[in-house]
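J.: So here's final30.csv, just CSV, C-alpha atoms and all ligand atoms:
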```csv
chain,number,residue,atom,x,y,z
A,15,MET,CA,168.7,112.5,-128.6
A,16,LYS,CA,171.3,114.7,-130.3
A,17,GLN,CA,171.1,118.0,-128.6
A,18,ASP,CA,173.1,119.9,-131.2
A,19,ILE,CA,170.6,119.3,-134.1
A,20,ASP,CA,168.0,121.8,-135.0
A,21,TRP,CA,165.5,119.2,-136.2
A,22,SER,CA,163.0,121.6,-137.8
A,23,LYS,CA,165.7,123.2,-139.9
A,24,LEU,CA,167.3,120.0,-141.3
A,25,GLY,CA,165.9,120.0,-144.8
A,26,PHE,CA,166.3,117.0,-147.1
A,27,HIS,CA,170.1,116.8,-146.6
A,28,TYR,CA,172.5,114.2,-145.4
A,29,THR,CA,173.4,114.5,-141.8
A,30,GLU,CA,176.2,112.1,-140.8
A,31,PRO,CA,174.8,109.3,-138.6
A,32,ASP,CA,177.0,107.5,-136.1
A,33,TYR,CA,176.8,104.2,-137.9
A,34,ILE,CA,175.9,102.7,-141.2
A,35,VAL,CA,175.1,99.0,-141.7
A,36,ARG,CA,176.8,96.8,-144.3
A,37,ALA,CA,176.6,93.2,-145.6
A,38,GLY,CA,178.6,91.7,-148.4
A,39,TYR,CA,177.6,89.0,-150.8
A,40,HIS,CA,180.4,86.6,-152.0
A,41,ASP,CA,180.4,83.1,-153.4
A,42,GLY,CA,176.6,83.1,-153.3
A,43,VAL,CA,176.3,83.8,-149.6
A,44,TRP,CA,175.2,86.9,-147.8
A,45,GLU,CA,177.1,88.1,-144.7
A,46,GLU,CA,175.3,88.9,-141.5
A,47,PRO,CA,174.7,92.7,-141.5
A,48,TYR,CA,177.1,94.7,-139.2
A,49,ALA,CA,177.3,98.3,-138.1
A,50,THR,CA,180.4,100.4,-138.8
A,51,LYS,CA,181.4,104.0,-138.2
A,52,ASP,CA,183.4,103.9,-141.4
A,53,LYS,CA,181.4,105.8,-144.1
A,54,PHE,CA,183.9,105.0,-146.9
A,55,LEU,CA,184.2,101.9,-149.1
A,56,HIS,CA,187.3,100.3,-150.3
A,57,LEU,CA,186.0,99.7,-153.8
A,58,HIS,CA,187.9,98.4,-156.9
A,59,VAL,CA,188.0,101.0,-159.6
A,60,SER,CA,186.6,98.4,-162.1
A,61,ALA,CA,183.6,97.4,-159.8
A,62,THR,CA,180.5,96.8,-161.9
A,63,CYS,CA,178.6,99.6,-160.0
A,64,LEU,CA,181.1,102.1,-161.3
A,65,GLN,CA,181.6,100.7,-164.8
A,66,TYR,CA,178.1,99.6,-165.7
A,67,GLY,CA,175.8,101.3,-163.2
A,68,GLN,CA,175.0,98.0,-161.5
A,69,GLU,CA,173.3,99.6,-158.4
A,70,ALA,CA,169.9,100.0,-156.9
A,71,PHE,CA,168.6,101.9,-153.9
A,72,GLU,CA,165.6,102.5,-151.7
A,73,GLY,CA,164.2,105.2,-149.5
A,74,LEU,CA,162.0,104.7,-146.3
A,75,LYS,CA,161.4,106.4,-143.0
A,76,ALA,CA,161.1,105.9,-139.3
A,77,PHE,CA,158.8,108.2,-137.4
A,78,ARG,CA,158.7,109.0,-133.7
A,79,GLY,CA,155.0,108.9,-132.9
A,80,VAL,CA,152.7,110.9,-130.6
A,81,ASP,CA,153.2,108.1,-128.0
A,82,GLY,CA,157.0,108.3,-128.2
A,83,LYS,CA,157.3,105.0,-130.0
A,84,ILE,CA,159.3,104.6,-133.2
A,85,ARG,CA,157.5,103.3,-136.3
A,86,ILE,CA,159.2,102.0,-139.4
A,87,PHE,CA,156.8,102.4,-142.3
A,88,ARG,CA,156.3,99.5,-144.7
A,89,TRP,CA,159.9,98.3,-144.8
A,90,ARG,CA,158.9,94.9,-146.2
A,91,ASP,CA,157.5,96.7,-149.3
A,92,ASN,CA,160.8,98.5,-149.8
A,93,ALA,CA,162.6,95.2,-149.4
A,94,ARG,CA,160.4,93.6,-152.1
A,95,ARG,CA,160.9,96.5,-154.4
A,96,MET,CA,164.6,96.4,-154.0
A,97,ALA,CA,164.6,92.7,-154.8
A,98,GLN,CA,162.8,93.5,-158.0
A,99,SER,CA,165.3,96.2,-158.8
A,100,ALA,CA,168.1,93.7,-158.1
A,101,LYS,CA,166.6,91.2,-160.5
A,102,GLY,CA,166.2,93.9,-163.1
A,103,LEU,CA,169.9,94.7,-163.0
A,104,PHE,CA,171.1,91.1,-162.6
A,105,MET,CA,172.1,91.5,-159.0
A,106,ALA,CA,171.7,89.1,-156.0
A,107,PRO,CA,168.4,90.2,-154.3
A,108,VAL,CA,168.8,91.1,-150.6
A,109,PRO,CA,166.7,88.6,-148.6
A,110,GLU,CA,163.7,90.3,-147.0
A,111,GLU,CA,164.7,89.3,-143.4
A,112,LEU,CA,168.3,90.5,-144.0
A,113,PHE,CA,166.9,93.8,-145.2
A,114,GLY,CA,164.8,94.1,-142.1
A,115,LYS,CA,167.6,93.2,-139.8
A,116,ALA,CA,169.8,95.8,-141.4
A,117,ILE,CA,167.2,98.5,-141.1
A,118,ARG,CA,166.6,97.7,-137.4
A,119,LEU,CA,170.3,97.6,-136.7
A,120,ALA,CA,170.8,101.0,-138.4
A,121,LEU,CA,168.0,102.3,-136.2
A,122,GLU,CA,169.2,100.8,-133.0
A,123,LYS,CA,172.7,102.1,-133.5
A,124,ASN,CA,171.5,105.6,-134.3
A,125,LEU,CA,168.6,106.1,-131.9
A,126,ASP,CA,169.9,109.5,-131.0
A,127,PHE,CA,169.2,110.6,-134.5
A,128,VAL,CA,165.5,109.8,-134.4
A,129,PRO,CA,163.9,113.3,-134.4
A,130,PRO,CA,161.4,114.0,-131.6
A,131,TYR,CA,157.7,114.0,-132.3
A,132,GLY,CA,156.3,117.4,-133.3
A,133,THR,CA,159.3,118.6,-135.3
A,134,GLY,CA,158.1,117.0,-138.6
A,135,ALA,CA,161.6,115.6,-139.0
A,136,THR,CA,162.1,111.8,-139.5
A,137,LEU,CA,164.9,109.3,-139.7
A,138,TYR,CA,165.3,108.4,-143.4
A,139,PHE,CA,167.0,105.2,-144.5
A,140,ARG,CA,168.8,104.9,-147.8
A,141,PRO,CA,169.4,101.2,-148.5
A,142,LEU,CA,171.9,100.7,-151.3
A,143,LEU,CA,172.9,97.7,-153.3
A,144,ILE,CA,176.0,97.8,-155.5
A,145,GLY,CA,178.0,95.4,-157.7
A,146,THR,CA,181.5,95.2,-156.5
A,147,THR,CA,183.2,92.6,-158.7
A,148,PRO,CA,186.0,94.1,-160.8
A,149,ARG,CA,185.2,93.7,-164.5
A,150,LEU,CA,186.3,95.4,-167.7
A,151,GLY,CA,184.4,93.2,-170.1
A,152,VAL,CA,180.8,94.3,-170.2
A,153,GLY,CA,178.7,92.1,-168.0
A,154,PRO,CA,177.3,91.8,-164.5
A,155,GLY,CA,179.3,91.1,-161.3
A,156,ARG,CA,179.0,88.2,-158.8
A,157,ASP,CA,179.8,90.2,-155.7
A,158,PHE,CA,177.6,92.8,-154.1
A,159,GLU,CA,177.5,95.1,-151.1
A,160,PHE,CA,174.3,96.0,-149.3
A,161,ILE,CA,174.5,99.2,-147.3
A,162,VAL,CA,171.9,101.0,-145.1
A,163,ILE,CA,172.7,104.7,-144.7
A,164,PRO,CA,170.4,106.4,-142.1
A,165,SER,CA,170.1,110.2,-141.9
A,166,PRO,CA,167.7,112.4,-140.0
A,167,ILE,CA,165.8,114.7,-142.5
A,168,GLY,CA,163.7,117.7,-141.9
A,169,PRO,CA,160.0,118.2,-142.6
A,170,TYR,CA,159.2,118.4,-146.4
A,171,TYR,CA,156.9,121.3,-145.5
A,172,PRO,CA,158.6,123.3,-142.8
A,173,GLY,CA,155.8,125.8,-143.1
A,174,LYS,CA,152.3,124.8,-144.1
A,175,PHE,CA,151.3,122.1,-146.6
A,176,HIS,CA,151.5,123.9,-149.9
A,177,CYS,CA,151.4,123.6,-153.7
A,178,THR,CA,154.2,123.5,-156.3
A,179,THR,CA,154.2,124.3,-160.0
A,180,PHE,CA,155.1,121.5,-162.4
A,181,ILE,CA,156.5,121.9,-165.9
A,182,VAL,CA,155.8,119.4,-168.6
A,183,ASN,CA,159.1,118.1,-170.0
A,184,ARG,CA,159.4,116.7,-173.5
A,185,TYR,CA,163.1,116.9,-174.1
A,186,VAL,CA,164.4,114.3,-171.6
A,187,ASP,CA,163.0,110.7,-171.3
A,188,ARG,CA,163.5,109.3,-167.9
A,189,ALA,CA,163.0,105.7,-168.9
A,190,ALA,CA,162.0,103.6,-171.9
A,191,PRO,CA,158.7,101.7,-171.9
A,192,TYR,CA,160.5,98.4,-171.3
A,193,GLY,CA,163.7,99.8,-169.8
A,194,THR,CA,164.5,100.3,-166.1
A,195,GLY,CA,161.8,102.8,-165.1
A,196,GLN,CA,160.0,100.3,-162.9
A,197,PHE,CA,163.2,99.7,-160.9
A,198,LYS,CA,164.8,102.1,-158.4
A,199,VAL,CA,168.2,102.3,-160.0
A,200,GLY,CA,170.7,105.2,-160.1
A,201,GLY,CA,170.7,105.4,-163.9
A,202,ASN,CA,167.1,106.6,-164.0
A,203,TYR,CA,168.0,109.5,-161.8
A,204,ALA,CA,171.2,110.5,-163.5
A,205,SER,CA,169.3,110.5,-166.8
A,206,SER,CA,166.5,112.7,-165.5
A,207,PHE,CA,168.8,115.4,-163.9
A,208,ARG,CA,168.8,117.5,-167.1
A,209,ALA,CA,165.1,117.9,-166.8
A,210,THR,CA,164.6,118.1,-163.0
A,211,GLU,CA,167.5,120.6,-162.5
A,212,ALA,CA,166.1,122.8,-165.2
A,213,ALA,CA,162.7,122.8,-163.5
A,214,HIS,CA,164.2,123.3,-160.0
A,215,ALA,CA,166.1,126.3,-161.4
A,216,MET,CA,162.7,127.9,-162.0
A,217,GLY,CA,161.4,126.9,-158.5
A,218,CYS,CA,159.3,124.1,-160.1
A,219,ASP,CA,159.2,120.3,-160.5
A,220,CYS,CA,158.7,118.5,-163.7
A,221,ILE,CA,156.4,115.9,-165.3
A,222,PHE,CA,157.8,113.1,-167.4
A,223,LEU,CA,155.6,111.9,-170.3
A,224,ASP,CA,155.7,108.4,-171.7
A,225,ALA,CA,158.9,108.0,-173.8
A,226,LYS,CA,157.2,106.4,-176.8
A,227,GLN,CA,154.6,109.0,-177.7
A,228,HIS,CA,154.9,111.9,-175.2
A,229,LYS,CA,151.2,111.7,-174.8
A,230,PHE,CA,150.6,110.1,-171.4
A,231,ILE,CA,151.7,111.2,-168.0
A,232,ASP,CA,154.3,108.8,-166.6
A,233,GLU,CA,155.9,110.3,-163.4
A,234,CYS,CA,156.7,113.5,-161.7
A,235,SER,CA,160.3,114.4,-160.8
A,236,ALA,CA,160.9,111.5,-158.4
A,237,ALA,CA,157.3,110.7,-157.5
A,238,ASN,CA,154.2,109.1,-158.9
A,239,PHE,CA,151.4,111.2,-160.3
A,240,ILE,CA,147.8,111.3,-158.8
A,241,GLY,CA,144.8,113.2,-160.0
A,242,ILE,CA,141.3,113.7,-158.7
A,243,LYS,CA,138.5,113.7,-161.2
A,244,GLY,CA,135.0,113.8,-159.7
A,245,ASN,CA,134.9,110.9,-157.3
A,246,GLU,CA,137.8,109.2,-158.9
A,247,TYR,CA,141.4,108.8,-157.8
A,248,LEU,CA,143.5,108.5,-161.0
A,249,THR,CA,147.0,107.3,-161.3
A,250,PRO,CA,149.1,106.2,-164.3
A,251,LYS,CA,149.5,102.7,-165.5
A,252,SER,CA,152.9,102.4,-167.2
A,253,SER,CA,155.7,99.9,-167.5
A,254,ALA,CA,158.2,102.7,-167.1
A,255,ILE,CA,157.2,104.1,-163.6
A,256,LEU,CA,158.3,103.1,-160.1
A,257,PRO,CA,155.6,101.3,-158.1
A,258,SER,CA,155.4,103.9,-155.3
A,259,ILE,CA,154.6,102.6,-151.8
A,260,THR,CA,153.1,105.9,-150.9
A,261,ASN,CA,150.8,105.8,-153.9
A,262,ASP,CA,149.8,102.2,-152.9
A,263,SER,CA,149.0,103.4,-149.4
A,264,LEU,CA,147.0,106.4,-150.6
A,265,MET,CA,145.0,104.2,-153.0
A,266,THR,CA,144.0,102.0,-150.1
A,267,LEU,CA,143.0,105.0,-148.1
A,268,ALA,CA,141.2,106.6,-151.0
A,269,LYS,CA,139.1,103.4,-151.4
A,270,GLU,CA,138.2,103.6,-147.7
A,271,MET,CA,137.1,107.2,-148.3
A,272,GLY,CA,134.7,105.9,-150.9
A,273,LEU,CA,136.7,107.1,-153.9
A,274,LYS,CA,136.9,105.0,-157.1
A,275,VAL,CA,140.6,104.2,-157.6
A,276,THR,CA,141.6,103.8,-161.3
A,277,ARG,CA,145.1,103.0,-162.6
A,278,ARG,CA,145.2,103.5,-166.3
A,279,ARG,CA,147.0,105.5,-169.0
A,280,ILE,CA,146.3,109.2,-168.5
A,281,ARG,CA,146.5,111.6,-171.4
A,282,LEU,CA,148.2,114.9,-170.5
A,283,GLU,CA,145.1,116.9,-171.6
A,284,GLU,CA,143.0,115.1,-169.1
A,285,LEU,CA,144.5,117.4,-166.5
A,286,ALA,CA,141.9,119.9,-167.7
A,287,ASP,CA,139.1,117.7,-166.2
A,288,MET,CA,140.8,117.2,-162.8
A,289,SER,CA,140.0,119.2,-159.7
A,290,GLU,CA,143.2,118.3,-157.9
A,291,ALA,CA,146.6,116.9,-159.0
A,292,ALA,CA,149.7,116.0,-157.1
A,293,ALA,CA,153.0,114.1,-157.0
A,294,CYS,CA,153.3,111.5,-154.2
A,295,GLY,CA,156.3,109.7,-152.6
A,296,THR,CA,158.1,109.0,-149.3
A,297,ALA,CA,159.7,112.4,-149.1
A,298,ALA,CA,156.6,114.6,-149.2
A,299,VAL,CA,153.7,112.0,-149.0
A,300,ILE,CA,151.8,114.4,-151.3
A,301,SER,CA,153.0,117.4,-153.2
A,302,PRO,CA,149.9,119.1,-154.6
A,303,MET,CA,150.1,121.0,-157.9
A,304,ASN,CA,148.8,124.5,-158.2
A,305,LYS,CA,149.6,124.6,-161.9
A,306,VAL,CA,151.0,122.4,-164.6
A,307,VAL,CA,152.7,124.4,-167.3
A,308,ASP,CA,153.0,123.0,-170.9
A,309,THR,CA,155.3,125.6,-172.3
A,310,GLU,CA,155.7,124.0,-175.7
A,311,LYS,CA,151.9,123.8,-176.3
A,312,GLY,CA,151.2,127.2,-174.5
A,313,VAL,CA,148.7,125.6,-172.1
A,314,THR,CA,148.5,126.0,-168.3
A,315,TYR,CA,146.4,123.6,-166.2
A,316,SER,CA,145.4,125.3,-162.9
A,317,PHE,CA,144.1,123.7,-159.7
A,318,GLY,CA,144.0,126.6,-157.3
A,319,ASP,CA,146.7,127.9,-155.0
A,320,GLU,CA,145.8,125.9,-152.0
A,321,PRO,CA,145.9,122.1,-151.7
A,322,GLY,CA,142.5,120.6,-152.6
A,323,PRO,CA,140.2,118.9,-150.0
A,324,VAL,CA,140.5,115.3,-151.2
A,325,LEU,CA,144.3,115.3,-151.4
A,326,SER,CA,144.6,117.2,-148.1
A,327,GLN,CA,142.4,114.6,-146.4
A,328,LEU,CA,144.5,111.8,-147.8
A,329,TYR,CA,147.7,113.5,-146.8
A,330,HIS,CA,146.6,113.9,-143.2
A,331,MET,CA,145.2,110.3,-143.0
A,332,LEU,CA,148.5,108.8,-144.0
A,333,LYS,CA,150.5,111.1,-141.8
A,334,ASP,CA,148.2,110.3,-138.8
A,335,ILE,CA,149.0,106.5,-139.3
A,336,GLN,CA,152.7,107.2,-139.6
A,337,TYR,CA,152.8,109.2,-136.4
A,338,GLY,CA,150.5,106.8,-134.5
A,339,ARG,CA,147.7,109.4,-134.2
A,340,SER,CA,145.3,107.0,-135.8
A,341,GLU,CA,145.0,103.2,-135.8
A,342,ASP,CA,147.3,101.3,-138.2
A,343,THR,CA,144.6,98.9,-139.4
A,344,HIS,CA,146.8,97.7,-142.4
A,345,GLY,CA,149.8,96.8,-140.3
A,346,TRP,CA,152.0,99.3,-142.2
A,347,CYS,CA,154.1,100.3,-139.2
A,348,GLU,CA,156.6,98.2,-137.4
A,349,ILE,CA,156.9,99.5,-133.9
A,350,VAL,CA,160.4,99.3,-132.6
A,351,ASN,CA,161.0,99.0,-128.8
A,352,ASN,CA,163.3,101.7,-127.7
B,1,LIG,C1,160.9,107.9,-159.7
B,1,LIG,C2,160.1,107.7,-158.4
B,1,LIG,N1,158.8,107.5,-158.5
B,1,LIG,C3,158.1,107.3,-157.4
B,1,LIG,C4,158.6,107.5,-156.1
B,1,LIG,C5,157.8,107.3,-154.9
B,1,LIG,O1,157.9,106.1,-154.3
B,1,LIG,P1,157.7,105.8,-152.8
B,1,LIG,O2,156.3,106.3,-152.5
B,1,LIG,O3,157.9,104.4,-152.6
B,1,LIG,O4,158.7,106.7,-152.1
B,1,LIG,C6,160.0,107.7,-156.0
B,1,LIG,C7,160.6,107.9,-154.7
B,1,LIG,O5,161.0,107.0,-154.0
B,1,LIG,C8,160.8,107.9,-157.1
B,1,LIG,O6,162.1,108.1,-157.1
```
Can you turn what I pasted into structure tokens?
T.:
Amino acid sequence: MKQDIDWSKLGFHYTEPDYIVRAGYHDGVWEEPYATKDKFLHLHVSATCLQYGQEAFEGLKAFRGVDGKIRIFRWRDNARRMAQSAKGLFMAPVPEELFGKAIRLALEKNLDFVPPYGTGATLYFRPLLIGTTPRLGVGPGRDFEFIVIPSPIGPYYPGKFHCTTFIVNRYVDRAAPYGTGQFKVGGNYASSFRATEAAHAMGCDCIFLDAKQHKFIDECSAANFIGIKGNEYLTPKSSAILPSITNDSLMTLAKEMGLKVTRRRIRLEELADMSEAAACGTAAVISPMNKVVDTEKGVTYSFGDEPGPVLSQLYHMLKDIQYGRSEDTHGWCEIVNN
């Protein structure tokens, strides 16, 4: 284990690992993934990823459990989602087994960077797929590079699990209804920066509404939305949002808790009937909302200053599985021998 890293103070920042993992795709064939210390690419200036944004990425974590074992959480789901993103941007999908091999290799080569249990820190993997064919005429490339960048990251909540204020944004649309919102591609993030950075400057996060009518909740900054209304777990149905693996896990756990899980279009005003609301994703698991502020309409939806009981329970249930404190009955964690 790296002795010079203060794990609990890491934050969500890049810490240089020893190795990254790469695999190229040329003439219709994927290379075997290999580890390299070189963190730079020799990339043609006309590569399709640079010219036309032909790139997709993922985000997943490995946890050191209470038993000292390392667990990679639901990597197959990230592999499948990346394959969907690849198809969405006319790229060669990374085969699931190659994706898994690359993640395991990135882990094995950077075992020293897996934070100890109890620090709240984790080893984050950023799989990246880029188009590398040089092209000036508009069109997709035929060559691709798959890269896995591991980095230890600190706990999302270095103190206690707490709430964040969210601001309703109507001046930036993250993704069109039949655009690329359902894919994890860089363009969606670049186009949302104007809204997310404005919210961050105020110490808040933002909520994106559906781009067509600005009536329904689509997503939060880089996370899905969830709300609790009576005995119901509500989450938006939209063609423009990323299918969150955390949300999928929480829906499963919510059903086990006896909640009714409903995925449907959610009008912004329905926040008034919810007892709890949150954003959910790999980074935080759950980021509960204390308030949602709709500045334009002069309305504030309040949920209390402390995380509510239902979302708190779900948060702890999922974290307990990830850290091996409760049984992984769904087979979500791959335990890696180390
Ligand atoms: C736009 C967006 N929505 C939702 C999510 C949550 O997805 P997951 O739970 O798979 O991390 C993320 C983060 O990855 C995201 O960037």
J.: Atom CA of Ile240 of chain A to atom CA of Ala291 of chain A: how many Å, to one decimal?
T.: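 Rounded to one decimal, the two atoms are 5.7 Å apart.
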J.: Would you pick out the contacts of Ile19 of chain A at 10 Å or less, using only C-alpha atoms, so that residues sharing its chain but fewer than 5 positions from it are not included, and give the list as a PDB file with C-alpha atoms, in the coordinates of the input?
T.:
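The resulting file, result.pdb, is shown below:
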```
ATOM      1  CA  LEU A  24     167.300 120.000-141.300  1.00  0.00           C
ATOM      2  CA  THR A  29     173.400 114.500-141.800  1.00  0.00           C
ATOM      3  CA  PHE A 127     169.200 110.600-134.500  1.00  0.00           C
ATOM      4  CA  PRO A 129     163.900 113.300-134.400  1.00  0.00           C
ATOM      5  CA  PRO A 166     167.700 112.400-140.000  1.00  0.00           C
TER       6      PRO A 166
END
```
J.: Can you pull out every residue with an atom within 6 Å of ligand LIG 1 (chain B)? Use all atoms listed in the file and format it as an MDAnalysis selection string.
T.: chainID A and resid 73 236:238 256 258:261 295:296
J.: With all atoms listed in the file as the atoms that count, which of A:Trp89, A:Pro31, A:Lys115, A:Arg277 lies nearest to Glu46 of chain A?
T.: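 Result for the nearest residue to Glu46 of chain A: A:Lys115.
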J.: Which residues are near Ala225 of chain A? Cut-off 12 Å, all atoms listed in the file, ignore same chain within fewer than 6 positions. Put them as number ranges by chain.
T.: A: 183-193, 195, 231-233, 252-255
J.: Residues near Leu119 of chain A, anyone? I mean within 10 Å using all atoms listed in the file, not counting same-chain ones fewer than 2 positions away, as a PyMOL selection string.
T.: chain A and resi 33-35+47-49+113-117+121-125+162
J.: Nearest residue to Gly151 of chain A out of A:Tyr66, A:Tyr28, A:Tyr315, A:Tyr337, using all atoms listed in the file?
T.: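 Checking each of A:Tyr66, A:Tyr28, A:Tyr315, A:Tyr337 against Gly151 of chain A, counting all atoms listed in the file, the winner is A:Tyr66.
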J.: For the atom pair atom CA of Asn351 of chain A and atom CA of Lys75 of chain A, what is the interatomic distance in Å to one decimal place?
T.: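 Answer for the atom CA of Asn351 of chain A to atom CA of Lys75 of chain A separation: 16.0 Å.
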J.: Using only C-alpha atoms, which of A:Gln227, A:Pro257, A:Gly42, A:Leu332 sits nearest Trp346 of chain A?
T.: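 So, comparing all the options, the nearest one is A:Leu332.
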J.: Give me, please, the distance in Å between atom CA of Arg278 of chain A and atom CA of Pro250 of chain A, quoted to one decimal.
T.: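 Those two atoms sit 5.1 Å apart.
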